[in-house]
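Dumped entry35.txt below, it's compact mmCIF, C-alpha atoms:
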```
# COMPACT_ATOMS: atom_id res chain seq x y z
CA MET F 1 36.73 -8.13 -8.58
CA THR F 2 34.71 -5.38 -6.88
CA GLY F 3 32.13 -5.99 -4.20
CA ALA F 4 29.39 -5.03 -6.66
CA THR F 5 30.70 -7.55 -9.20
CA ARG F 6 30.84 -10.31 -6.58
CA PHE F 7 27.30 -9.49 -5.53
CA ARG F 8 26.01 -9.61 -9.11
CA ALA F 9 27.68 -12.96 -9.78
CA VAL F 10 25.90 -14.64 -6.85
CA TRP F 11 22.66 -12.71 -7.37
CA ASP F 12 22.40 -13.95 -10.96
CA GLU F 13 22.52 -17.56 -9.74
CA LEU F 14 19.12 -17.04 -8.14
CA ALA F 15 17.55 -14.22 -10.15
CA GLY F 16 15.93 -16.32 -12.88
CA ILE F 17 14.10 -18.76 -10.63
CA GLY F 18 10.34 -18.24 -10.53
CA ARG F 19 10.33 -15.03 -12.54
CA ASP F 20 7.27 -14.36 -14.69
CA PRO F 21 8.42 -13.40 -18.21
CA VAL F 22 5.43 -11.12 -18.74
CA THR F 23 5.27 -9.09 -15.51
CA GLY F 24 8.90 -9.45 -14.47
CA GLY F 25 7.66 -10.30 -10.98
CA TYR F 26 8.31 -13.46 -9.00
CA LEU F 27 6.04 -16.41 -8.22
CA ARG F 28 7.91 -18.22 -5.47
CA TYR F 29 5.19 -19.61 -3.20
CA ALA F 30 6.11 -21.79 -0.23
CA TRP F 31 6.65 -25.45 -1.16
CA SER F 32 6.02 -24.72 -4.86
CA ALA F 33 8.41 -25.85 -7.61
CA ALA F 34 9.97 -22.39 -7.85
CA GLU F 35 10.50 -22.05 -4.09
CA LEU F 36 11.90 -25.59 -3.92
CA ALA F 37 14.36 -24.63 -6.67
CA CYS F 38 15.41 -21.64 -4.55
CA ARG F 39 15.90 -23.97 -1.59
CA GLU F 40 18.05 -26.28 -3.72
CA TRP F 41 20.14 -23.28 -4.76
CA PHE F 42 20.60 -22.31 -1.09
CA VAL F 43 21.71 -25.81 -0.09
CA ALA F 44 24.19 -25.95 -2.96
CA ALA F 45 25.54 -22.43 -2.34
CA ALA F 46 25.98 -23.06 1.38
CA THR F 47 27.54 -26.48 0.84
CA ARG F 48 30.08 -25.00 -1.60
CA ARG F 49 31.12 -22.70 1.23
CA GLY F 50 31.61 -25.60 3.61
CA LEU F 51 28.56 -24.75 5.71
CA ALA F 52 26.63 -27.57 7.33
CA VAL F 53 23.04 -27.34 6.04
CA HIS F 54 20.04 -28.65 7.95
CA ALA F 55 16.29 -28.31 7.42
CA ASP F 56 14.26 -28.19 10.61
CA GLY F 57 10.87 -29.86 10.91
CA ASN F 58 9.08 -26.71 9.76
CA GLY F 59 11.07 -26.39 6.55
CA ASN F 60 13.35 -23.56 7.68
CA LEU F 61 16.91 -23.97 6.36
CA TRP F 62 20.00 -23.45 8.53
CA ALA F 63 23.59 -23.32 7.24
CA ASP F 64 26.13 -23.39 10.09
CA TRP F 65 29.73 -22.13 9.99
CA VAL F 66 31.42 -23.75 12.95
CA PRO F 67 35.22 -23.36 12.76
CA SER F 68 37.49 -25.88 14.43
CA GLY F 69 37.61 -25.42 18.18
CA VAL F 70 34.20 -23.69 18.37
CA ASP F 71 31.43 -25.40 20.30
CA PRO F 72 28.73 -26.27 17.71
CA ALA F 73 26.05 -26.09 20.43
CA ALA F 74 27.02 -22.55 21.45
CA PRO F 75 24.47 -19.81 20.70
CA ALA F 76 25.15 -18.66 17.16
CA VAL F 77 25.07 -15.31 15.45
CA VAL F 78 22.27 -15.95 12.95
CA THR F 79 21.56 -13.94 9.83
CA GLY F 80 19.43 -14.47 6.73
CA SER F 81 15.88 -13.90 5.53
CA HIS F 82 13.46 -15.79 3.25
CA LEU F 83 13.20 -17.01 -0.36
CA ASP F 84 9.44 -16.96 -1.05
CA SER F 85 7.57 -14.07 -2.65
CA VAL F 86 4.16 -12.44 -2.88
CA PRO F 87 2.36 -12.91 -6.23
CA HIS F 88 4.42 -11.12 -8.89
CA GLY F 89 6.59 -9.59 -6.19
CA GLY F 90 10.03 -8.06 -6.44
CA GLY F 91 13.22 -10.09 -6.40
CA TYR F 92 14.92 -8.38 -3.46
CA ASP F 93 12.36 -8.83 -0.68
CA GLY F 94 13.84 -11.78 1.20
CA PRO F 95 16.51 -13.18 -1.14
CA LEU F 96 18.69 -10.07 -0.69
CA GLY F 97 19.16 -11.00 2.96
CA VAL F 98 20.05 -14.60 2.12
CA VAL F 99 22.50 -13.74 -0.68
CA SER F 100 24.08 -10.98 1.42
CA ALA F 101 24.55 -13.37 4.34
CA LEU F 102 26.44 -15.87 2.19
CA LEU F 103 28.58 -13.10 0.71
CA ALA F 104 29.28 -11.72 4.20
CA VAL F 105 30.63 -15.14 5.16
CA ASP F 106 32.84 -14.99 2.06
CA GLU F 107 34.15 -11.57 3.10
CA LEU F 108 34.91 -12.68 6.64
CA ARG F 109 36.83 -15.70 5.39
CA ALA F 110 38.74 -13.57 2.86
CA ASP F 111 39.72 -11.27 5.73
CA GLY F 112 40.95 -14.25 7.75
CA PHE F 113 38.34 -13.73 10.46
CA ALA F 114 38.01 -16.63 12.91
CA PRO F 115 34.62 -16.61 14.71
CA ALA F 116 34.62 -17.43 18.38
CA ARG F 117 31.02 -18.67 18.11
CA PRO F 118 29.06 -20.24 15.27
CA ILE F 119 27.69 -18.06 12.47
CA THR F 120 24.51 -19.38 10.83
CA VAL F 121 22.74 -18.36 7.65
CA ALA F 122 18.98 -19.02 7.78
CA ALA F 123 16.27 -19.12 5.12
CA PHE F 124 12.80 -19.12 6.66
CA VAL F 125 9.83 -20.71 4.92
CA GLU F 126 6.50 -18.98 4.03
CA GLU F 127 7.48 -15.55 5.31
CA GLU F 128 5.10 -13.75 2.99
CA GLY F 129 2.09 -15.94 3.72
CA ALA F 130 1.22 -15.75 0.02
CA ARG F 131 0.26 -19.41 -0.22
CA PHE F 132 -1.28 -20.32 3.14
CA GLY F 133 -2.35 -16.89 4.37
CA VAL F 134 -0.21 -16.55 7.51
CA ALA F 135 2.89 -14.39 7.31
CA CYS F 136 6.16 -15.57 8.90
CA LEU F 137 4.73 -19.06 9.29
CA GLY F 138 8.13 -20.78 9.50
CA SER F 139 9.39 -18.56 12.31
CA ARG F 140 6.01 -18.68 14.08
CA LEU F 141 6.11 -22.49 14.07
CA LEU F 142 9.74 -22.50 15.20
CA THR F 143 8.94 -20.34 18.22
CA GLY F 144 5.64 -22.09 19.00
CA SER F 145 3.57 -18.95 18.51
CA VAL F 146 1.09 -20.92 16.36
CA ALA F 147 -0.07 -24.50 16.87
CA ALA F 148 1.24 -27.18 14.53
CA ASP F 149 -2.14 -28.86 13.94
CA TRP F 150 -3.73 -25.50 13.12
CA ALA F 151 -0.95 -24.64 10.68
CA LEU F 152 -0.99 -28.02 8.93
CA ALA F 153 -4.70 -27.57 8.21
CA LEU F 154 -4.20 -24.20 6.46
CA VAL F 155 -5.43 -24.36 2.86
CA ASP F 156 -4.14 -22.58 -0.24
CA ARG F 157 -6.33 -21.23 -3.06
CA ASP F 158 -6.40 -24.64 -4.75
CA GLY F 159 -7.59 -26.43 -1.63
CA VAL F 160 -4.18 -27.95 -0.83
CA THR F 161 -3.33 -28.08 2.87
CA LEU F 162 0.10 -27.23 4.23
CA ALA F 163 0.49 -30.88 5.25
CA GLU F 164 -0.25 -32.04 1.70
CA ALA F 165 2.12 -29.48 0.18
CA MET F 166 4.93 -30.58 2.48
CA ARG F 167 4.41 -34.26 1.67
CA ALA F 168 4.42 -33.48 -2.05
CA ALA F 169 7.77 -31.73 -1.58
CA GLY F 170 9.23 -34.67 0.31
CA ALA F 171 9.01 -33.08 3.77
CA ASP F 172 7.48 -34.75 6.84
CA PRO F 173 4.55 -32.76 8.27
CA THR F 174 4.60 -34.81 11.48
CA ALA F 175 7.81 -32.95 12.39
CA VAL F 176 6.12 -29.52 12.27
CA GLY F 177 6.08 -27.58 15.54
CA PRO F 178 8.24 -25.78 18.09
CA ASP F 179 11.97 -26.51 17.92
CA PRO F 180 13.43 -25.47 21.28
CA ASP F 181 16.82 -27.04 20.53
CA ARG F 182 17.35 -25.04 17.35
CA LEU F 183 15.94 -21.89 18.95
CA ALA F 184 18.35 -22.29 21.88
CA ARG F 185 21.19 -22.16 19.35
CA VAL F 186 20.12 -18.71 18.16
CA GLY F 187 22.13 -16.30 20.25
CA CYS F 188 20.95 -13.29 18.23
CA TYR F 189 19.43 -12.67 14.82
CA VAL F 190 20.34 -9.94 12.33
CA GLU F 191 18.24 -9.70 9.17
CA LEU F 192 19.34 -7.65 6.19
CA HIS F 193 16.45 -6.54 3.98
CA ILE F 194 15.65 -4.23 1.11
CA GLU F 195 14.06 -1.04 2.46
CA GLN F 196 10.34 -0.99 1.72
CA GLY F 197 10.05 2.76 1.30
CA ARG F 198 12.25 5.76 0.47
CA ALA F 199 13.54 6.97 3.82
CA LEU F 200 17.13 6.09 2.93
CA VAL F 201 16.79 7.84 -0.42
CA HIS F 202 15.87 11.02 1.41
CA THR F 203 18.75 10.69 3.89
CA GLY F 204 21.29 9.82 1.20
CA ALA F 205 22.53 6.80 3.16
CA PRO F 206 23.03 3.40 1.46
CA VAL F 207 22.06 1.42 4.57
CA GLY F 208 20.10 1.97 7.77
CA VAL F 209 19.23 0.20 11.02
CA ALA F 210 15.68 -0.65 12.11
CA SER F 211 14.23 0.69 15.35
CA MET F 212 10.82 -0.99 15.40
CA ILE F 213 8.03 -2.67 13.39
CA TRP F 214 4.48 -1.35 13.39
CA PRO F 215 1.85 -3.75 14.73
CA HIS F 216 -0.24 -5.27 11.95
CA GLY F 217 -2.58 -8.09 11.07
CA ARG F 218 -4.86 -9.70 8.50
CA TRP F 219 -8.63 -9.99 8.63
CA ARG F 220 -10.93 -11.89 6.27
CA LEU F 221 -14.29 -10.21 5.66
CA GLU F 222 -17.05 -12.35 4.19
CA PHE F 223 -20.04 -10.47 2.74
CA ALA F 224 -22.97 -12.83 2.12
CA GLY F 225 -26.02 -11.80 0.09
CA GLU F 226 -28.28 -13.42 -2.46
CA GLY F 227 -27.15 -14.55 -5.89
CA ASN F 228 -29.52 -13.52 -8.67
CA HIS F 229 -29.89 -12.56 -12.32
CA ALA F 230 -28.10 -9.35 -13.33
CA GLY F 231 -30.73 -8.46 -15.90
CA THR F 232 -34.02 -9.31 -14.27
CA THR F 233 -33.44 -8.46 -10.61
CA ARG F 234 -34.59 -4.92 -9.79
CA MET F 235 -32.03 -2.77 -7.98
CA ALA F 236 -34.46 -2.31 -5.10
CA ASP F 237 -34.81 -6.08 -4.70
CA ARG F 238 -31.13 -6.92 -4.62
CA ARG F 239 -29.10 -8.20 -1.71
CA ASP F 240 -25.78 -7.60 -3.46
CA PRO F 241 -22.67 -7.99 -1.26
CA MET F 242 -20.35 -6.30 -3.78
CA PRO F 243 -21.42 -2.69 -3.03
CA THR F 244 -21.05 -3.47 0.68
CA CYS F 245 -17.52 -4.69 0.07
CA ALA F 246 -16.71 -1.67 -2.09
CA TYR F 247 -18.02 0.69 0.57
CA THR F 248 -15.86 -1.08 3.18
CA VAL F 249 -12.73 -0.67 1.03
CA LEU F 250 -13.36 3.06 0.73
CA ALA F 251 -14.15 3.32 4.44
CA GLY F 252 -10.83 1.63 5.17
CA GLN F 253 -8.99 4.22 3.09
CA ALA F 254 -10.70 7.08 4.90
CA GLN F 255 -10.19 5.64 8.38
CA ALA F 256 -6.52 4.87 7.73
CA ARG F 257 -5.88 8.44 6.58
CA ARG F 258 -7.74 9.79 9.61
CA LEU F 259 -5.73 7.72 12.08
CA GLY F 260 -2.33 7.75 10.40
CA GLY F 261 -2.37 3.99 9.73
CA HIS F 262 -2.49 1.80 6.65
CA ALA F 263 -5.47 -0.21 5.37
CA THR F 264 -5.25 -2.35 2.24
CA VAL F 265 -7.62 -4.75 0.53
CA GLY F 266 -5.45 -6.45 -2.06
CA ARG F 267 -7.31 -9.72 -2.51
CA ILE F 268 -10.99 -10.37 -3.28
CA GLU F 269 -12.87 -13.55 -4.19
CA VAL F 270 -16.35 -13.45 -5.67
CA ALA F 271 -18.91 -16.27 -6.00
CA PRO F 272 -20.22 -17.29 -8.43
CA ASN F 273 -17.89 -14.85 -10.23
CA ALA F 274 -20.09 -14.47 -13.33
CA THR F 275 -20.46 -11.27 -15.33
CA ASN F 276 -24.24 -11.54 -15.60
CA ALA F 277 -24.98 -12.65 -12.04
CA VAL F 278 -25.47 -10.72 -8.82
CA PRO F 279 -22.81 -12.16 -6.44
CA ALA F 280 -23.92 -14.40 -3.60
CA LEU F 281 -20.67 -14.03 -1.64
CA VAL F 282 -17.66 -11.71 -1.61
CA ARG F 283 -14.56 -12.41 0.44
CA ALA F 284 -12.07 -9.61 1.01
CA TRP F 285 -8.81 -9.69 2.94
CA LEU F 286 -7.90 -6.60 4.96
CA ASP F 287 -4.28 -5.84 5.82
CA ALA F 288 -4.21 -3.20 8.57
CA ARG F 289 -1.17 -1.53 10.17
CA ALA F 290 -0.59 1.36 12.56
CA PRO F 291 2.19 2.97 14.60
CA ASP F 292 0.90 1.45 17.86
CA ALA F 293 -1.50 -1.22 19.10
CA ALA F 294 -4.20 1.18 20.28
CA THR F 295 -4.35 2.92 16.91
CA LEU F 296 -4.45 -0.42 15.09
CA ALA F 297 -7.36 -1.61 17.24
CA GLU F 298 -9.21 1.66 16.65
CA LEU F 299 -8.58 1.41 12.91
CA VAL F 300 -9.88 -2.15 12.60
CA ASP F 301 -12.88 -1.45 14.84
CA ALA F 302 -13.78 1.58 12.73
CA ILE F 303 -13.54 -0.35 9.45
CA THR F 304 -15.47 -3.40 10.63
CA GLY F 305 -18.05 -1.16 12.30
CA GLU F 306 -18.69 0.67 9.04
CA ALA F 307 -18.84 -2.66 7.21
CA ALA F 308 -21.50 -3.98 9.61
CA ALA F 309 -23.60 -0.82 9.36
CA ARG F 310 -23.48 -0.80 5.57
CA ALA F 311 -24.22 -4.56 5.44
CA ALA F 312 -27.38 -4.04 7.47
CA ALA F 313 -28.52 -1.29 5.11
CA ASP F 314 -27.80 -3.44 2.05
CA GLY F 315 -29.56 -6.54 3.38
CA VAL F 316 -26.40 -8.64 3.53
CA THR F 317 -24.39 -10.12 6.38
CA VAL F 318 -20.71 -9.65 7.16
CA THR F 319 -18.47 -12.04 9.08
CA VAL F 320 -15.01 -10.94 10.23
CA VAL F 321 -12.30 -13.55 10.81
CA HIS F 322 -8.98 -12.47 12.36
CA GLU F 323 -6.42 -14.59 10.49
CA SER F 324 -3.08 -13.38 11.82
CA ASP F 325 -1.60 -10.86 14.21
CA SER F 326 1.84 -9.31 14.66
CA PRO F 327 2.28 -7.07 17.69
CA VAL F 328 4.50 -4.01 17.81
CA VAL F 329 8.19 -4.93 17.82
CA ALA F 330 10.85 -2.75 19.40
CA PHE F 331 14.20 -4.17 18.35
CA ASP F 332 16.80 -4.79 21.04
CA PRO F 333 18.34 -1.34 21.66
CA ALA F 334 21.70 -2.69 22.79
CA LEU F 335 22.01 -4.84 19.67
CA ALA F 336 20.87 -1.96 17.46
CA GLY F 337 23.55 0.18 19.07
CA ARG F 338 26.22 -2.38 18.25
CA LEU F 339 25.00 -2.50 14.65
CA THR F 340 25.14 1.28 14.37
CA ALA F 341 28.68 1.40 15.76
CA ALA F 342 29.98 -1.51 13.68
CA ILE F 343 28.48 -0.19 10.45
CA GLY F 344 29.70 3.32 11.11
CA ALA F 345 33.25 2.00 11.64
CA ALA F 346 33.09 -0.16 8.51
CA LEU F 347 31.77 2.68 6.33
CA PRO F 348 33.70 5.69 7.61
CA GLY F 349 32.76 7.92 4.69
CA SER F 350 29.05 7.40 5.26
CA GLY F 351 28.84 8.27 8.94
CA ALA F 352 26.52 6.55 11.37
CA PRO F 353 23.64 4.81 9.58
CA PRO F 354 20.18 6.32 10.12
CA VAL F 355 17.82 4.49 12.47
CA LEU F 356 14.27 4.17 11.16
CA PRO F 357 11.01 2.32 11.84
CA THR F 358 9.18 0.12 9.36
CA ALA F 359 5.58 -0.88 8.82
CA ALA F 360 6.54 -4.15 7.09
CA GLY F 361 6.54 -7.48 8.90
CA HIS F 362 9.58 -9.77 9.01
CA ASP F 363 10.75 -13.02 10.59
CA ALA F 364 12.96 -10.77 12.71
CA GLY F 365 9.79 -9.42 14.30
CA ILE F 366 8.68 -12.92 15.31
CA LEU F 367 12.09 -13.90 16.69
CA ALA F 368 12.38 -10.62 18.60
CA GLY F 369 10.11 -12.02 21.28
CA ARG F 370 12.60 -14.80 22.01
CA VAL F 371 16.13 -13.60 21.15
CA PRO F 372 17.93 -10.27 20.65
CA THR F 373 17.09 -9.21 17.11
CA ALA F 374 18.03 -6.38 14.76
CA MET F 375 17.67 -5.41 11.11
CA ILE F 376 19.74 -3.67 8.44
CA PHE F 377 17.99 -1.98 5.50
CA VAL F 378 19.53 -1.44 2.06
CA ARG F 379 18.46 1.61 0.05
CA ASN F 380 15.66 1.11 -2.48
CA PRO F 381 15.77 3.90 -5.10
CA THR F 382 12.21 3.29 -6.31
CA GLY F 383 10.73 2.86 -2.84
CA VAL F 384 8.54 0.15 -4.37
CA SER F 385 8.21 -3.28 -2.78
CA HIS F 386 6.01 -6.33 -3.33
CA ALA F 387 6.03 -5.40 -7.03
CA PRO F 388 8.42 -5.87 -9.98
CA ALA F 389 9.79 -2.30 -9.68
CA GLU F 390 11.44 -3.17 -6.36
CA ALA F 391 15.17 -2.53 -6.83
CA ALA F 392 18.58 -1.83 -5.38
CA THR F 393 21.86 -1.02 -7.10
CA ASP F 394 24.66 -3.57 -7.04
CA ALA F 395 26.86 -0.93 -5.41
CA ASP F 396 24.41 -0.42 -2.53
CA CYS F 397 23.98 -4.17 -2.15
CA ALA F 398 27.76 -4.50 -1.88
CA VAL F 399 27.73 -1.84 0.85
CA GLY F 400 25.05 -3.88 2.60
CA VAL F 401 27.23 -6.98 2.45
CA ARG F 402 30.16 -5.04 3.90
CA ALA F 403 27.96 -3.65 6.66
CA LEU F 404 26.59 -7.09 7.50
CA ALA F 405 30.07 -8.62 7.53
CA ALA F 406 31.22 -5.95 9.98
CA VAL F 407 28.25 -6.65 12.24
CA LEU F 408 28.83 -10.42 12.16
CA ALA F 409 32.52 -9.91 12.94
CA ASP F 410 31.65 -7.71 15.92
CA LEU F 411 29.06 -10.13 17.30
CA ALA F 412 31.06 -13.34 16.70
CA ALA F 413 34.45 -12.07 17.83
CA LYS F 414 36.22 -13.27 20.94
CA PRO F 415 35.16 -11.30 24.04
```

Would you mind writing the file out in structure tokens?
Amino acid sequence: MTGATRFRAVWDELAGIGRDPVTGGYLRYAWSAAELACREWFVAAATRRGLAVHADGNGNLWADWVPSGVDPAAPAVVTGSHLDSVPHGGGYDGPLGVVSALLAVDELRADGFAPARPITVAAFVEEEGARFGVACLGSRLLTGSVAADWALALVDRDGVTLAEAMRAAGADPTAVGPDPDRLARVGCYVELHIEQGRALVHTGAPVGVASMIWPHGRWRLEFAGEGNHAGTTRMADRRDPMPTCAYTVLAGQAQARRLGGHATVGRIEVAPNATNAVPALVRAWLDARAPDAATLAELVDAITGEAAARAAADGVTVTVVHESDSPVVAFDPALAGRLTAAIGAALPGSGAPPVLPTAAGHDAGILAGRVPTAMIFVRNPTGVSHAPAEAATDADCAVGVRALAAVLADLAAKP
């Protein structure tokens, strides 16, 4: 059986869960039925491999390979990713890293490799922030970078709090919060992920190594005006927040192009949301990213400044709420160097893997502030992510598994 065939066999175990039959995208929101089914699959797949599975108080899953004679409390080589998705997202963003980690363990065992330290496969909860609005929530809670009480009060679009969602899933929200014991057992973290772009397509390489993550964040903009009748209210008399919002979206596009950053408004809520009524309130969520912190700050200031000026001219008010923040992440250079060397040795025909930055956030970026962290990217021929067209070939995924196995063997070997 080829590596591509082995990958496809395991991938198909998970591929049908939470997939929308119309769009082909995935609806795997944190603590939803689909995401819980993915978690059940992970527990079963890890248990079949003899890994000891444990859920921490935040809902993150950990599957430990601790061979006989290895200290289970020793800092582990941790790898993995997440199982949740954005609305109608692609299947590879997150699950590829989890499936590849389990298959890398299979490869190491087939090769007779005996780790000198534990190897752990992790699946972090609510990485996308699609349900409760905060990306990488599981890793943020683990590291204590957000407060437990604040997180438990987060509300989804149906008014369900994180605490309520956890209880409904059989989890105990009173256990949410920093987990220094588990974090102390993370010696380093290596996350394999689908590339979210086409840099590897242009280089011709099947895999690459990450150098850094752009700083980014989310802001909620609330434009408040006056609800009124669409037919009887003169244009001159309107205090309509929708044109203010629309102007802000276009201003964000222009400012992002000017500064070399990214600005996206991908979610809008309108009240009362009636065809024949002037809106009273428009909420828009801004996702902003830039190559460095100064540029990001300038970008957001420019967008919110234009929003405020336009709001004043339109007779509406605008309130800006900063919902989440992810600073610039420079991955551990020594660890990245070991990845580059190990992958280059494991894939001699491909040469050294390219090293490239990314503008996408990951749990690796959160953990990087506490432990040595690195990332491996697998080529995405479409370059599309967070959408059904996200893809990777089975052959490239098999190369990713082989690369990850080589990295784990290097990091977990005897000194």

Item checked: Spatial neighbours of F:Thr393, 12 Å, all atoms listed in the file, chain gap at least 6 places, as a ChimeraX atom specification -> /F:3-5,7-8,11,92,96,194,206-207,378-382,399-400

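Atom pair atom CA of F:Ala74 / atom CA of F:Gly187 has a distance of 8.0 Å (rounded to one decimal).
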
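Compared by their closest atoms to F:Gly18, and using all atoms listed in the file, the residues F:Val66, F:His88, F:Cys245, F:Asn276 rank with F:His88 nearest.
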
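Of the residues listed (F:Gly197, F:Pro272, F:Gly305, F:Gly344), F:Gly305 shows the shortest atom-to-atom separation from F:Thr248; distances use only C-alpha atoms.
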
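Our summary of the geometry notes that atom CA of F:Asp314 is positioned 18.0 Å from atom CA of F:Gly252.
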
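Taking atom CA of F:Leu27 and atom CA of F:Ala389 as the two end points, the separation is 14.7 Å.
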
Could I get stretch 371-386 of chain F from the block written out with N, CA and C atoms, as a compact mmCIF listing (two decimals), in the first residue's frame?
```
# COMPACT_ATOMS: atom_id res chain seq x y z
N VAL F 371 6.38 27.96 24.12
CA VAL F 371 7.25 26.81 23.82
C VAL F 371 7.82 26.97 22.42
N PRO F 372 8.95 26.31 22.12
CA PRO F 372 9.46 26.33 20.74
C PRO F 372 8.42 25.74 19.79
N THR F 373 8.13 26.45 18.72
CA THR F 373 7.04 26.08 17.83
C THR F 373 7.48 26.24 16.38
N ALA F 374 6.95 25.36 15.52
CA ALA F 374 7.26 25.42 14.09
C ALA F 374 6.06 24.90 13.32
N MET F 375 6.05 25.16 12.00
CA MET F 375 4.97 24.69 11.15
C MET F 375 5.51 24.13 9.84
N ILE F 376 4.79 23.13 9.33
CA ILE F 376 5.04 22.56 8.00
C ILE F 376 3.80 22.83 7.15
N PHE F 377 3.99 23.31 5.93
CA PHE F 377 2.87 23.53 5.02
C PHE F 377 2.89 22.50 3.91
N VAL F 378 1.70 22.04 3.52
CA VAL F 378 1.54 21.12 2.40
C VAL F 378 0.92 21.88 1.23
N ARG F 379 1.43 21.65 0.05
CA ARG F 379 1.03 22.38 -1.15
C ARG F 379 -0.49 22.30 -1.39
N ASN F 380 -1.04 23.44 -1.76
CA ASN F 380 -2.46 23.59 -2.07
C ASN F 380 -2.57 24.03 -3.53
N PRO F 381 -2.92 23.15 -4.45
CA PRO F 381 -2.89 23.52 -5.87
C PRO F 381 -3.86 24.63 -6.25
N THR F 382 -4.96 24.77 -5.53
CA THR F 382 -5.91 25.84 -5.85
C THR F 382 -5.51 27.15 -5.18
N GLY F 383 -4.78 27.08 -4.08
CA GLY F 383 -4.47 28.27 -3.30
C GLY F 383 -5.64 28.75 -2.47
N VAL F 384 -6.80 28.10 -2.61
CA VAL F 384 -8.01 28.52 -1.91
C VAL F 384 -8.06 27.89 -0.53
N SER F 385 -8.50 28.66 0.46
CA SER F 385 -8.72 28.13 1.80
C SER F 385 -9.94 28.79 2.40
N HIS F 386 -10.48 28.18 3.45
CA HIS F 386 -11.74 28.64 4.06
C HIS F 386 -12.88 28.62 3.05
```
